[in-house]
Amino acid sequence: MQSLIDHLNEILKHEWTGVAQYSQAGFMVEGIWREVFADKFLDDAKESFGHAKLVGNKIVALGGVPVTMRNEVKQSRDLREVLEFSLAFEAKAVEMYGKAIDMAEETGDRALIIFLEDILKDEQEGVDEYTKLLRDTPAQAIQTTSAKRVGG
Ligand SMILES: [Fe+2]
């Protein structure tokens, strides 16, 4: 059980990182895309906090002490790079919750497995969303073409 608690604490550290990283992204986004992304990033910070709350409470229920540290925050003024950091953040969360589920399966604690699976679903949605956001869209292609036309 101790190794599972330790791993849940690694997850909690990752969620605290998300709270700070997404908040920072929301604060810093400027230009026309601020209108769209400031709220989106702050919502993602809230989602990380929601997960931190769930995991922190579960760690205590299992007899552990939740960590209060976080990992290093990745930040950039380049929106595309921020989206790439976000995708990497969500992908790491998927991997971490997947590993936690594998560990929980060894304990046979059905409720804990379901608890972790619920969060895993959110994390996978995050991966799907950022994957789509980073995909070149027809609208972007039009914008690039007309920009070229103006420039050339
Ligand atoms: Fe999360």
# chains A, B, ... in the order shown; residues from 1 in each chain; ligands from 1
>>> residues_around(residues="Leu8 (chain A)", least_positions_apart="2", cutoff="8 Å", atoms="only C-alpha atoms", output="list in words")
Leu4, Ile5, Asp6, Glu10, Ile11, Leu12, Val55, Ile59 and Ala100 of chain A
>>> write_last_selection(atoms="N, CA and C atoms", output="JSON list (two decimals), in the first residue's frame")
[["chain", "number", "residue", "atom", "x", "y", "z"],
["A", 4, "LEU", "N", 1.77, 2.50, -3.40],
["A", 4, "LEU", "CA", 0.61, 3.13, -4.06],
["A", 4, "LEU", "C", 0.41, 4.55, -3.53],
["A", 5, "ILE", "N", 0.55, 4.72, -2.20],
["A", 5, "ILE", "CA", 0.43, 6.07, -1.60],
["A", 5, "ILE", "C", 1.53, 6.98, -2.16],
["A", 6, "ASP", "N", 2.74, 6.45, -2.28],
["A", 6, "ASP", "CA", 3.85, 7.24, -2.84],
["A", 6, "ASP", "C", 3.53, 7.68, -4.27],
["A", 10, "GLU", "N", 2.99, 11.37, -6.08],
["A", 10, "GLU", "CA", 3.60, 11.86, -7.32],
["A", 10, "GLU", "C", 2.52, 12.48, -8.22],
["A", 11, "ILE", "N", 1.37, 11.84, -8.25],
["A", 11, "ILE", "CA", 0.23, 12.36, -9.02],
["A", 11, "ILE", "C", -0.21, 13.71, -8.45],
["A", 12, "LEU", "N", -0.29, 13.78, -7.13],
["A", 12, "LEU", "CA", -0.72, 15.03, -6.48],
["A", 12, "LEU", "C", 0.25, 16.16, -6.83],
["A", 55, "VAL", "N", -7.47, 13.50, -4.94],
["A", 55, "VAL", "CA", -6.33, 12.63, -4.67],
["A", 55, "VAL", "C", -5.78, 12.89, -3.25],
["A", 59, "ILE", "N", -5.44, 10.08, -0.39],
["A", 59, "ILE", "CA", -4.17, 9.73, 0.26],
["A", 59, "ILE", "C", -4.36, 9.66, 1.78],
["A", 100, "ALA", "N", -1.26, 4.05, -11.69],
["A", 100, "ALA", "CA", -1.94, 3.94, -10.39],
["A", 100, "ALA", "C", -3.03, 2.86, -10.44]]
>>> residues_near_ligand(ligand="ligand 1", cutoff="6 Å", atoms="only C-alpha atoms and all ligand atoms", output="short mmCIF file (atom, residue, chain, number, x, y, z; two decimals) with N, CA and C atoms, in the first residue's frame")
data_model
loop_
_atom_site.label_atom_id
_atom_site.label_comp_id
_atom_site.auth_asym_id
_atom_site.auth_seq_id
_atom_site.Cartn_x
_atom_site.Cartn_y
_atom_site.Cartn_z
N GLU A 15 -0.59 17.33 -10.21
CA GLU A 15 -1.82 18.15 -10.22
C GLU A 15 -1.54 19.56 -9.68
N SER A 48 -7.39 20.76 -12.54
CA SER A 48 -6.25 20.21 -11.80
C SER A 48 -6.49 20.33 -10.29
N HIS A 51 -8.86 17.65 -9.19
CA HIS A 51 -8.19 16.35 -9.09
C HIS A 51 -7.29 16.30 -7.85
N GLU A 123 -8.47 13.04 -17.88
CA GLU A 123 -7.12 13.30 -18.41
C GLU A 123 -7.05 12.95 -19.89
#
>>> closest_residue(among="A:Tyr22, A:Phe27, A:Phe115, A:Tyr97", to="Asp43 (chain A)", atoms="only C-alpha atoms")
A:Tyr22
>>> atom_distance(atom1="CA of Thr68 (chain A)", atom2="CA of Asp118 (chain A)")
23.1 Å
>>> atom_distance(atom1="CA of His7 (chain A)", atom2="CA of Lys92 (chain A)")
13.2 Å
>>> residues_around(residues="Lys121 (chain A)", least_positions_apart="2", cutoff="12 Å", atoms="only C-alpha atoms", output="list in words")
His51, Glu90, Ala91, Ala93, Val94, Glu95, Tyr97, Gly98, Ile114, Phe115, Leu116, Glu117, Asp118, Ile119, Glu123, Gln124, Glu125, Gly126, Val127 and Asp128 of chain A
>>> write_last_selection(atoms="N, CA and C atoms", output="short mmCIF file (atom, residue, chain, number, x, y, z; two decimals), in the first residue's frame")
data_model
loop_
_atom_site.label_atom_id
_atom_site.label_comp_id
_atom_site.auth_asym_id
_atom_site.auth_seq_id
_atom_site.Cartn_x
_atom_site.Cartn_y
_atom_site.Cartn_z
N HIS A 51 -8.86 17.65 -9.19
CA HIS A 51 -8.19 16.35 -9.09
C HIS A 51 -7.29 16.30 -7.85
N GLU A 90 -1.00 16.71 -20.01
CA GLU A 90 -2.15 15.79 -19.97
C GLU A 90 -1.72 14.36 -20.26
N ALA A 91 -0.78 14.20 -21.20
CA ALA A 91 -0.30 12.85 -21.55
C ALA A 91 0.41 12.21 -20.36
N ALA A 93 -0.23 12.86 -17.26
CA ALA A 93 -1.28 12.52 -16.29
C ALA A 93 -1.94 11.19 -16.66
N VAL A 94 -2.22 11.00 -17.95
CA VAL A 94 -2.81 9.72 -18.40
C VAL A 94 -1.91 8.56 -18.00
N GLU A 95 -0.61 8.73 -18.24
CA GLU A 95 0.36 7.68 -17.92
C GLU A 95 0.37 7.42 -16.40
N TYR A 97 -1.97 8.07 -14.03
CA TYR A 97 -3.20 7.44 -13.52
C TYR A 97 -3.30 5.99 -14.01
N GLY A 98 -2.82 5.74 -15.22
CA GLY A 98 -2.81 4.37 -15.73
C GLY A 98 -1.97 3.46 -14.83
N ILE A 114 -12.15 2.34 -9.61
CA ILE A 114 -13.18 3.17 -10.26
C ILE A 114 -12.88 4.67 -10.05
N PHE A 115 -12.49 5.00 -8.83
CA PHE A 115 -12.11 6.39 -8.48
C PHE A 115 -11.03 6.89 -9.44
N LEU A 116 -10.00 6.07 -9.65
CA LEU A 116 -8.89 6.47 -10.52
C LEU A 116 -9.30 6.48 -11.99
N GLU A 117 -10.16 5.53 -12.36
CA GLU A 117 -10.62 5.47 -13.76
C GLU A 117 -11.42 6.72 -14.13
N ASP A 118 -12.23 7.20 -13.18
CA ASP A 118 -13.01 8.42 -13.43
C ASP A 118 -12.10 9.60 -13.77
N ILE A 119 -11.00 9.72 -13.01
CA ILE A 119 -10.08 10.83 -13.26
C ILE A 119 -9.32 10.59 -14.57
N GLU A 123 -8.47 13.04 -17.88
CA GLU A 123 -7.12 13.30 -18.41
C GLU A 123 -7.05 12.95 -19.89
N GLN A 124 -7.71 11.84 -20.27
CA GLN A 124 -7.71 11.46 -21.68
C GLN A 124 -8.46 12.49 -22.53
N GLU A 125 -9.53 13.05 -21.97
CA GLU A 125 -10.25 14.13 -22.67
C GLU A 125 -9.32 15.32 -22.90
N GLY A 126 -8.47 15.60 -21.90
CA GLY A 126 -7.48 16.68 -22.03
C GLY A 126 -6.52 16.41 -23.18
N VAL A 127 -6.04 15.16 -23.27
CA VAL A 127 -5.14 14.78 -24.36
C VAL A 127 -5.85 14.97 -25.70
N ASP A 128 -7.09 14.48 -25.79
CA ASP A 128 -7.85 14.57 -27.05
C ASP A 128 -8.04 16.03 -27.46
#
>>> select_by_dssp(residues="region 30-133 of chain A", states="helix (DSSP H, G or I)", output="ChimeraX atom specification")
/A:34-61,79-107,110-133
>>> closest_atom_pairs(of="region 12-77 of chain A", to="region 81-89 of chain A", cutoff="12 Å", atoms="only C-alpha atoms", output="JSON lines")
{"residue": "A:His14", "atom": "CA", "partner": "A:Phe89", "partner_atom": "CA", "distance": 8.4}
{"residue": "A:Glu15", "atom": "CA", "partner": "A:Phe89", "partner_atom": "CA", "distance": 9.5}
{"residue": "A:Trp16", "atom": "CA", "partner": "A:Phe89", "partner_atom": "CA", "distance": 11.7}
{"residue": "A:Thr17", "atom": "CA", "partner": "A:Phe89", "partner_atom": "CA", "distance": 9.2}
{"residue": "A:Gly18", "atom": "CA", "partner": "A:Phe89", "partner_atom": "CA", "distance": 7.6}
{"residue": "A:Val19", "atom": "CA", "partner": "A:Phe89", "partner_atom": "CA", "distance": 11.3}
{"residue": "A:Gln21", "atom": "CA", "partner": "A:Ser86", "partner_atom": "CA", "distance": 8.7}
{"residue": "A:Tyr22", "atom": "CA", "partner": "A:Ser86", "partner_atom": "CA", "distance": 8.0}
{"residue": "A:Ser23", "atom": "CA", "partner": "A:Ser86", "partner_atom": "CA", "distance": 11.7}
{"residue": "A:Gln24", "atom": "CA", "partner": "A:Val82", "partner_atom": "CA", "distance": 10.2}
{"residue": "A:Ala25", "atom": "CA", "partner": "A:Val82", "partner_atom": "CA", "distance": 7.1}
{"residue": "A:Gly26", "atom": "CA", "partner": "A:Val82", "partner_atom": "CA", "distance": 10.1}
{"residue": "A:Met28", "atom": "CA", "partner": "A:Val82", "partner_atom": "CA", "distance": 10.3}
{"residue": "A:Val29", "atom": "CA", "partner": "A:Val82", "partner_atom": "CA", "distance": 9.2}
{"residue": "A:Phe37", "atom": "CA", "partner": "A:Leu83", "partner_atom": "CA", "distance": 9.9}
{"residue": "A:Ala38", "atom": "CA", "partner": "A:Val82", "partner_atom": "CA", "distance": 11.8}
{"residue": "A:Lys40", "atom": "CA", "partner": "A:Leu83", "partner_atom": "CA", "distance": 11.1}
{"residue": "A:Phe41", "atom": "CA", "partner": "A:Ser86", "partner_atom": "CA", "distance": 9.2}
{"residue": "A:Asp44", "atom": "CA", "partner": "A:Ser86", "partner_atom": "CA", "distance": 9.5}
{"residue": "A:Ala45", "atom": "CA", "partner": "A:Ser86", "partner_atom": "CA", "distance": 10.9}
{"residue": "A:Ser48", "atom": "CA", "partner": "A:Phe89", "partner_atom": "CA", "distance": 10.8}
{"residue": "A:Asn71", "atom": "CA", "partner": "A:Phe89", "partner_atom": "CA", "distance": 11.3}
{"residue": "A:Glu72", "atom": "CA", "partner": "A:Phe89", "partner_atom": "CA", "distance": 11.6}
{"residue": "A:Val73", "atom": "CA", "partner": "A:Phe85", "partner_atom": "CA", "distance": 9.6}
{"residue": "A:Lys74", "atom": "CA", "partner": "A:Phe85", "partner_atom": "CA", "distance": 6.8}
{"residue": "A:Gln75", "atom": "CA", "partner": "A:Val82", "partner_atom": "CA", "distance": 6.5}
{"residue": "A:Ser76", "atom": "CA", "partner": "A:Val82", "partner_atom": "CA", "distance": 5.9}
{"residue": "A:Arg77", "atom": "CA", "partner": "A:Val82", "partner_atom": "CA", "distance": 7.6}
>>> closest_residue(among="A:Arg80, A:Lys46, A:Lys53, A:Lys58", to="Ala20 (chain A)", atoms="only C-alpha atoms")
A:Lys46
>>> atom_distance(atom1="CA of Met96 (chain A)", atom2="CA of Asn9 (chain A)")
10.7 Å
>>> closest_residue(among="A:Leu54, A:Arg70, A:Met1, A:Glu129", to="Ala104 (chain A)", atoms="only C-alpha atoms")
A:Met1
